[in-house]
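Source file: run_21.cif. Holds: mmCIF, C-alpha atoms.
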data_start
loop_
_atom_site.label_atom_id
_atom_site.label_comp_id
_atom_site.auth_asym_id
_atom_site.auth_seq_id
_atom_site.Cartn_x
_atom_site.Cartn_y
_atom_site.Cartn_z
CA MET A 30 50.37 31.58 85.27
CA SER A 31 48.30 28.75 86.70
CA PHE A 32 44.70 29.12 87.79
CA LYS A 33 43.31 27.05 90.66
CA PHE A 34 39.55 26.55 90.54
CA ASN A 35 37.87 27.37 93.82
CA ARG A 36 34.45 25.84 94.14
CA ASN A 37 33.62 28.27 96.95
CA ARG A 38 33.76 31.26 94.59
CA HIS A 39 30.43 30.43 92.94
CA GLY A 40 26.90 29.65 94.04
CA PHE A 41 26.53 26.35 92.22
CA HIS A 42 26.56 22.91 93.79
CA LEU A 43 29.04 20.52 92.21
CA VAL A 44 27.53 17.17 93.15
CA ASP A 45 29.93 14.50 94.42
CA PRO A 46 30.03 11.13 92.60
CA SER A 47 27.07 9.03 93.69
CA PRO A 48 26.02 5.39 93.14
CA TRP A 49 22.30 6.14 93.47
CA PRO A 50 21.50 7.03 89.83
CA LEU A 51 23.10 3.80 88.61
CA ILE A 52 21.31 1.68 91.23
CA SER A 53 18.01 3.42 90.41
CA ALA A 54 18.44 2.71 86.71
CA PHE A 55 19.12 -1.00 87.28
CA SER A 56 16.23 -1.29 89.74
CA ALA A 57 13.79 0.41 87.37
CA PHE A 58 14.99 -1.73 84.47
CA SER A 59 14.52 -4.94 86.46
CA ILE A 60 10.98 -3.89 87.44
CA VAL A 61 9.95 -3.04 83.87
CA PHE A 62 11.57 -6.19 82.44
CA ALA A 63 9.91 -8.39 85.06
CA LEU A 64 6.50 -6.73 84.51
CA ALA A 65 6.75 -7.30 80.76
CA SER A 66 7.74 -10.93 81.31
CA TRP A 67 4.94 -11.51 83.81
CA MET A 68 2.28 -9.96 81.52
CA HIS A 69 3.37 -12.25 78.69
CA GLY A 70 3.27 -15.39 80.83
CA TYR A 71 6.98 -15.85 81.40
CA GLY A 72 8.66 -16.34 84.75
CA GLY A 73 6.97 -19.56 85.82
CA SER A 74 3.60 -20.32 87.36
CA GLY A 75 4.66 -21.79 90.68
CA PHE A 76 5.95 -20.13 93.82
CA PRO A 77 8.16 -18.29 93.84
CA ASN A 78 7.23 -16.83 90.49
CA ILE A 79 10.53 -15.49 89.14
CA ALA A 80 8.94 -12.48 87.47
CA LYS A 81 6.97 -11.46 90.57
CA LEU A 82 9.98 -12.07 92.79
CA THR A 83 12.07 -9.82 90.55
CA ILE A 84 9.42 -7.11 90.76
CA TYR A 85 9.40 -7.22 94.57
CA MET A 86 13.18 -7.23 94.76
CA GLY A 87 13.40 -4.33 92.32
CA LEU A 88 10.86 -2.29 94.27
CA THR A 89 12.61 -3.02 97.57
CA THR A 90 15.98 -2.03 96.13
CA LEU A 91 14.53 1.09 94.54
CA ILE A 92 12.71 2.34 97.64
CA CYS A 93 14.81 1.15 100.58
CA GLY A 94 18.23 0.82 99.01
CA CYS A 95 18.21 3.81 96.72
CA LEU A 96 15.48 6.44 97.06
CA TYR A 97 15.71 6.73 100.84
CA PRO A 98 19.50 7.20 101.03
CA TRP A 99 19.50 9.39 97.91
CA TRP A 100 16.84 11.75 99.28
CA LYS A 101 18.59 11.66 102.64
CA ASN A 102 21.82 12.80 100.97
CA VAL A 103 20.03 15.64 99.19
CA ILE A 104 18.48 16.82 102.47
CA GLU A 105 21.88 16.69 104.19
CA GLU A 106 23.50 18.64 101.36
CA GLY A 107 20.98 21.43 101.69
CA LEU A 108 20.45 21.39 105.45
CA TYR A 109 23.88 20.68 106.93
CA GLU A 110 26.39 21.34 104.16
CA GLY A 111 24.82 24.58 102.94
CA GLN A 112 25.06 23.51 99.31
CA HIS A 113 21.58 24.71 98.39
CA THR A 114 22.37 28.36 97.87
CA PHE A 115 19.79 30.76 96.44
CA LEU A 116 21.23 30.09 92.98
CA VAL A 117 20.92 26.34 93.46
CA GLN A 118 17.38 26.74 94.79
CA LYS A 119 16.51 28.70 91.66
CA GLY A 120 17.71 25.77 89.55
CA LEU A 121 15.77 23.31 91.72
CA ARG A 122 12.60 25.35 91.30
CA LEU A 123 13.05 25.43 87.54
CA GLY A 124 13.63 21.67 87.54
CA MET A 125 10.44 21.08 89.55
CA ILE A 126 8.45 23.29 87.18
CA LEU A 127 9.74 21.38 84.15
CA PHE A 128 8.94 18.08 85.90
CA ILE A 129 5.34 19.17 86.54
CA VAL A 130 5.02 20.32 82.92
CA SER A 131 6.17 16.88 81.76
CA GLU A 132 3.55 15.30 84.01
CA VAL A 133 0.90 17.58 82.51
CA MET A 134 1.78 16.15 79.11
CA PHE A 135 0.87 12.67 80.37
CA PHE A 136 -2.63 13.82 81.24
CA VAL A 137 -2.97 15.77 77.99
CA ALA A 138 -2.56 12.44 76.19
CA PHE A 139 -5.16 10.77 78.42
CA PHE A 140 -7.70 13.56 77.94
CA TRP A 141 -7.00 13.56 74.21
CA ALA A 142 -7.78 9.83 74.04
CA PHE A 143 -10.96 10.31 76.07
CA PHE A 144 -12.28 13.17 73.94
CA HIS A 145 -11.31 11.44 70.70
CA VAL A 146 -13.41 8.38 71.46
CA SER A 147 -16.23 10.38 73.04
CA PHE A 148 -16.66 12.78 70.10
CA ASN A 149 -16.39 9.91 67.62
CA PRO A 150 -18.17 6.97 69.27
CA SER A 151 -17.83 3.74 67.35
CA ILE A 152 -20.84 1.84 66.06
CA VAL A 153 -19.91 -1.05 68.39
CA LEU A 154 -20.52 1.33 71.30
CA GLY A 155 -24.01 2.11 70.04
CA GLY A 156 -22.92 5.32 68.34
CA VAL A 157 -23.31 7.22 71.63
CA TRP A 158 -21.14 8.25 74.54
CA PRO A 159 -21.02 6.86 77.10
CA PRO A 160 -21.58 3.47 75.42
CA ALA A 161 -25.19 2.38 75.34
CA PHE A 162 -24.51 -0.76 77.39
CA MET A 163 -22.41 1.04 80.03
CA THR A 164 -23.58 1.86 83.55
CA THR A 165 -21.59 4.91 84.64
CA LEU A 166 -20.79 6.29 88.08
CA ASP A 167 -22.86 9.02 89.69
CA PRO A 168 -20.58 12.10 89.75
CA TRP A 169 -22.51 13.66 92.64
CA LYS A 170 -21.60 11.00 95.18
CA VAL A 171 -18.03 9.76 95.81
CA PRO A 172 -16.46 11.85 93.00
CA LEU A 173 -17.98 15.05 94.37
CA LEU A 174 -16.84 14.20 97.89
CA ASN A 175 -13.33 13.54 96.59
CA THR A 176 -13.42 16.91 94.81
CA VAL A 177 -14.31 18.65 98.06
CA LEU A 178 -11.51 16.80 99.85
CA LEU A 179 -8.86 17.72 97.28
CA LEU A 180 -9.92 21.35 97.09
CA SER A 181 -9.86 21.51 100.89
CA SER A 182 -6.40 19.93 100.95
CA GLY A 183 -5.19 22.54 98.45
CA ALA A 184 -6.44 25.26 100.76
CA SER A 185 -4.88 23.68 103.85
CA ILE A 186 -1.44 23.20 102.23
CA THR A 187 -1.55 26.88 101.16
CA TRP A 188 -2.42 27.77 104.75
CA SER A 189 0.56 25.72 105.89
CA HIS A 190 2.88 27.43 103.40
CA HIS A 191 1.83 30.92 104.45
CA SER A 192 2.18 30.01 108.12
CA LEU A 193 5.70 28.73 107.45
CA THR A 194 6.75 31.89 105.64
CA TYR A 195 5.44 33.95 108.56
CA GLY A 196 7.42 31.84 111.04
CA ASP A 197 4.43 30.14 112.72
CA LYS A 198 5.70 26.55 112.53
CA GLY A 199 3.05 25.15 114.88
CA GLU A 200 0.23 26.33 112.66
CA ALA A 201 2.13 25.22 109.56
CA LEU A 202 2.48 21.73 111.01
CA LEU A 203 -1.20 21.56 111.94
CA ALA A 204 -2.29 22.58 108.44
CA LEU A 205 0.08 20.07 106.86
CA ILE A 206 -1.31 17.24 109.01
CA ILE A 207 -4.83 18.23 107.95
CA THR A 208 -3.69 18.10 104.32
CA PHE A 209 -2.31 14.60 104.85
CA LEU A 210 -5.59 13.42 106.39
CA PHE A 211 -7.60 14.82 103.48
CA ALA A 212 -5.27 13.06 101.04
CA TYR A 213 -5.48 9.76 102.91
CA VAL A 214 -9.28 9.83 102.96
CA PHE A 215 -9.27 10.61 99.23
CA ILE A 216 -7.19 7.48 98.55
CA LEU A 217 -9.55 5.34 100.65
CA LEU A 218 -12.60 6.70 98.84
CA GLN A 219 -11.06 6.08 95.43
CA LYS A 220 -10.30 2.52 96.48
CA TYR A 221 -13.93 2.15 97.57
CA GLU A 222 -15.07 3.55 94.22
CA TYR A 223 -12.92 1.10 92.27
CA LEU A 224 -14.16 -1.85 94.32
CA HIS A 225 -17.82 -0.96 93.73
CA ALA A 226 -17.66 0.42 90.17
CA PRO A 227 -20.13 -1.25 87.79
CA PHE A 228 -17.48 -1.65 85.08
CA THR A 229 -13.84 -2.68 84.80
CA ILE A 230 -10.84 -1.57 82.77
CA SER A 231 -11.69 -4.24 80.16
CA ASP A 232 -15.22 -2.90 79.54
CA SER A 233 -14.73 -1.21 76.17
CA VAL A 234 -12.75 1.96 75.54
CA TYR A 235 -14.79 3.75 78.22
CA GLY A 236 -13.43 1.53 80.97
CA SER A 237 -9.86 1.68 79.70
CA THR A 238 -9.77 5.49 79.40
CA PHE A 239 -11.56 5.93 82.73
CA TYR A 240 -9.23 3.73 84.75
CA LEU A 241 -6.10 4.90 82.95
CA ALA A 242 -6.80 8.57 83.65
CA THR A 243 -8.21 8.25 87.18
CA GLY A 244 -5.76 5.51 88.17
CA PHE A 245 -2.75 7.47 86.99
CA HIS A 246 -4.06 10.46 88.94
CA GLY A 247 -4.54 8.25 91.99
CA PHE A 248 -0.93 7.13 91.67
CA HIS A 249 0.10 10.80 91.69
CA VAL A 250 -2.04 11.38 94.77
CA MET A 251 -0.17 8.58 96.57
CA ILE A 252 3.18 10.10 95.59
CA GLY A 253 2.04 13.53 96.75
CA THR A 254 0.74 12.08 100.01
CA THR A 255 4.14 10.47 100.62
CA PHE A 256 5.75 13.81 99.82
CA ILE A 257 3.56 15.52 102.43
CA TYR A 258 4.16 12.75 104.98
CA ILE A 259 7.94 13.21 104.69
CA ASN A 260 7.58 16.97 105.06
CA ILE A 261 5.59 16.50 108.27
CA PHE A 262 8.57 14.73 109.84
CA ARG A 263 10.97 17.29 108.44
CA MET A 264 8.88 20.04 109.98
CA LEU A 265 8.81 18.18 113.31
CA ASN A 266 12.64 18.06 113.14
CA ASP A 267 12.70 21.83 112.53
CA GLU A 268 14.38 21.45 109.14
CA PHE A 269 12.48 24.32 107.47
CA SER A 270 12.98 28.05 107.92
CA LYS A 271 11.10 31.09 106.63
CA THR A 272 13.44 31.45 103.65
CA HIS A 273 14.84 27.93 103.18
CA HIS A 274 12.10 25.37 102.60
CA PHE A 275 12.24 24.28 98.98
CA GLY A 276 11.33 20.69 99.89
CA PHE A 277 8.03 21.98 101.23
CA GLU A 278 7.48 24.26 98.25
CA ALA A 279 8.04 21.39 95.82
CA ALA A 280 5.46 19.28 97.66
CA ALA A 281 2.96 22.18 97.62
CA TRP A 282 3.43 22.78 93.89
CA TYR A 283 3.03 19.09 93.16
CA TRP A 284 -0.11 18.93 95.28
CA HIS A 285 -1.69 21.92 93.52
CA PHE A 286 -0.95 20.18 90.20
CA VAL A 287 -2.78 17.10 91.51
CA ASP A 288 -5.73 19.31 92.53
CA VAL A 289 -6.03 20.99 89.14
CA VAL A 290 -5.83 17.69 87.23
CA TRP A 291 -8.59 16.25 89.41
CA LEU A 292 -10.87 19.20 88.62
CA PHE A 293 -10.48 18.44 84.91
CA LEU A 294 -11.09 14.75 85.59
CA PHE A 295 -14.23 15.47 87.57
CA LEU A 296 -15.66 17.89 85.01
CA THR A 297 -14.86 15.80 81.94
CA ILE A 298 -14.74 12.10 82.76
CA TYR A 299 -17.09 11.96 85.76
CA TRP A 300 -19.64 14.71 85.00
CA TRP A 301 -19.62 15.33 81.23
CA GLY A 302 -18.64 11.77 80.43
CA SER A 303 -21.55 10.31 82.38
#
Take the structure in this file and express it as structure tokens.
Amino acid sequence: MSFKFNRNRHGFHLVDPSPWPLISAFSAFSIVFALASWMHGYGGSGFPNIAKLTIYMGLTTLICGCLYPWWKNVIEEGLYEGQHTFLVQKGLRLGMILFIVSEVMFFVAFFWAFFHVSFNPSIVLGGVWPPAFMTTLDPWKVPLLNTVLLLSSGASITWSHHSLTYGDKGEALLALIITFLFAYVFILLQKYEYLHAPFTISDSVYGSTFYLATGFHGFHVMIGTTFIYINIFRMLNDEFSKTHHFGFEAAAWYWHFVDVVWLFLFLTIYWWGS
């Protein structure tokens, strides 16, 4: 007796063969290889610098030739093909949670490094923390304003989520646009802070830990802002419903993670560390 497998008898999504993972891997490899070559002085000094050119080509391929069509395919699978069943959405939620946990581990390492050097300041730093020769930032100026902006954006994206679940898409869109504006202003203020900071990443271990932690968080803010920006257009195209909006949920979870990390950054590196 033969048995014919029917993919419609289960709630899982059997993904069709796709070239995007392979292209992403090659693009990422070319970027990392070119960055390593450039930092070690390889790739030439004239124009075009081979290493820099490889970086730009890798980024272009990764963003325009891979990420965009890959994400577009995922949206089509869930929106038009009906592949994102409740069982699949459950798996996607678990995957997003595990991804955020892995990102938390990055910041655990950064905070660990910061506290290690701050609780055990070297004699070359003056035996104190922050280093005796270091001029630190005032936490009650730009950092405090950025804290208010991020906390406000967390409230507005929650407002948007609740409005979406209640079926008020106009209010959900308004709140999401407000969240995007808060995020954009945050990025501009952090750029202003970096341009006017009295120290650089090469100024002792204080500068390196400060810029590594805050810069990596700023990179996450830019990713989250892009996430929100895409969801604004998806909401304008009426691609979310009261029960089927995982793309929005993932962006909201990611943004709340960004908010919480910033609170720890503000309290430890900006306030306590100064």
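For the set A:Tyr240, A:Tyr258, A:Tyr221, A:Trp169, the residue with the smallest atom-to-atom gap to Ile206 (chain A) is A:Tyr258, counting all atoms listed in the file.
Using only C-alpha atoms, the nearest neighbour of Phe58 (chain A) within the list A:Thr229, A:Leu88, A:Ile104, A:Phe162 is A:Leu88.
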Can you pull out the residues contacting Leu203 (chain A)? Cut-off 12 Å, using all atoms listed in the file, and skip same-chain residues under 2 positions away; I want them as number ranges by chain.
A: 185-186, 188-190, 192-193, 197-201, 205-210, 261, 264-265
Could the residues in this selection be saved with C-alpha atoms as a PDB file, in the coordinates of the input?
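Written output follows (again09.pdb):
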ATOM      1  CA  SER A 185      -4.880  23.680 103.850  1.00  0.00           C
ATOM      2  CA  ILE A 186      -1.440  23.200 102.230  1.00  0.00           C
ATOM      3  CA  TRP A 188      -2.420  27.770 104.750  1.00  0.00           C
ATOM      4  CA  SER A 189       0.560  25.720 105.890  1.00  0.00           C
ATOM      5  CA  HIS A 190       2.880  27.430 103.400  1.00  0.00           C
ATOM      6  CA  SER A 192       2.180  30.010 108.120  1.00  0.00           C
ATOM      7  CA  LEU A 193       5.700  28.730 107.450  1.00  0.00           C
ATOM      8  CA  ASP A 197       4.430  30.140 112.720  1.00  0.00           C
ATOM      9  CA  LYS A 198       5.700  26.550 112.530  1.00  0.00           C
ATOM     10  CA  GLY A 199       3.050  25.150 114.880  1.00  0.00           C
ATOM     11  CA  GLU A 200       0.230  26.330 112.660  1.00  0.00           C
ATOM     12  CA  ALA A 201       2.130  25.220 109.560  1.00  0.00           C
ATOM     13  CA  LEU A 205       0.080  20.070 106.860  1.00  0.00           C
ATOM     14  CA  ILE A 206      -1.310  17.240 109.010  1.00  0.00           C
ATOM     15  CA  ILE A 207      -4.830  18.230 107.950  1.00  0.00           C
ATOM     16  CA  THR A 208      -3.690  18.100 104.320  1.00  0.00           C
ATOM     17  CA  PHE A 209      -2.310  14.600 104.850  1.00  0.00           C
ATOM     18  CA  LEU A 210      -5.590  13.420 106.390  1.00  0.00           C
ATOM     19  CA  ILE A 261       5.590  16.500 108.270  1.00  0.00           C
ATOM     20  CA  MET A 264       8.880  20.040 109.980  1.00  0.00           C
ATOM     21  CA  LEU A 265       8.810  18.180 113.310  1.00  0.00           C
TER      22      LEU A 265
END
Return as a PDB file with C-alpha atoms, in the frame of the given file the set of residues that the PyMOL selection byres ((chain A and resi 44) around 10) yields on the displayed structure.
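What follows is the written file out-v1.pdb:
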ATOM      1  CA  PHE A  41      26.530  26.350  92.220  1.00  0.00           C
ATOM      2  CA  HIS A  42      26.560  22.910  93.790  1.00  0.00           C
ATOM      3  CA  LEU A  43      29.040  20.520  92.210  1.00  0.00           C
ATOM      4  CA  ASP A  45      29.930  14.500  94.420  1.00  0.00           C
ATOM      5  CA  PRO A  46      30.030  11.130  92.600  1.00  0.00           C
ATOM      6  CA  SER A  47      27.070   9.030  93.690  1.00  0.00           C
ATOM      7  CA  VAL A 103      20.030  15.640  99.190  1.00  0.00           C
ATOM      8  CA  GLU A 106      23.500  18.640 101.360  1.00  0.00           C
ATOM      9  CA  GLN A 112      25.060  23.510  99.310  1.00  0.00           C
TER      10      GLN A 112
END
Between A:Thr272, A:Thr297, A:Thr255, A:Ser233, single out the one closest to Pro150 (chain A), counting all atoms listed in the file.
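Result for the nearest residue to Pro150 (chain A): A:Ser233.
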With all atoms listed in the file as the counted atoms, please give the residues lying no more than 12 Å from Ser182 (chain A), apart from itself and same-chain residues fewer than 2 positions off, as a ChimeraX atom specification. /A:175-180,184-189,204-215,250,253-254,257,281,284-285,287-289
For this session: Please measure the separation of CA of Val290 (chain A) and CA of Trp141 (chain A), giving the value in Å to one decimal.
Result: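 A separation of 13.7 Å between them.
Counting from CA of Phe140 (chain A), the distance to CA of Leu292 (chain A) is 12.5 Å.
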inquiry  = Once the PyMOL selection byres ((chain A and resi 301) around 12) is applied to the coordinates I shared, what remains selected? I want it as a PyMOL selection string.
reply    = chain A and resi 143-144+147-148+158-159+165-169+293-300+302-303
Check your understanding: So how far away is CA of Asn78 (chain A) from CA of Leu64 (chain A), in Å?
Key ->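 That distance, rounded to one decimal, is 11.8 Å.
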Looking at all atoms listed in the file, which of A:Phe269, A:Tyr223, A:Phe139, A:Tyr195 is the one that sits closest to Val171 (chain A)?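 Selected residue with least distance to Val171 (chain A): A:Tyr223.
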Of the candidates A:Ile259, A:Ile84, A:Met163, A:Leu173, which one gets nearest to Ala226 (chain A) if we count all atoms listed in the file?
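That would be A:Met163, the residue with the smallest distance to Ala226 (chain A).
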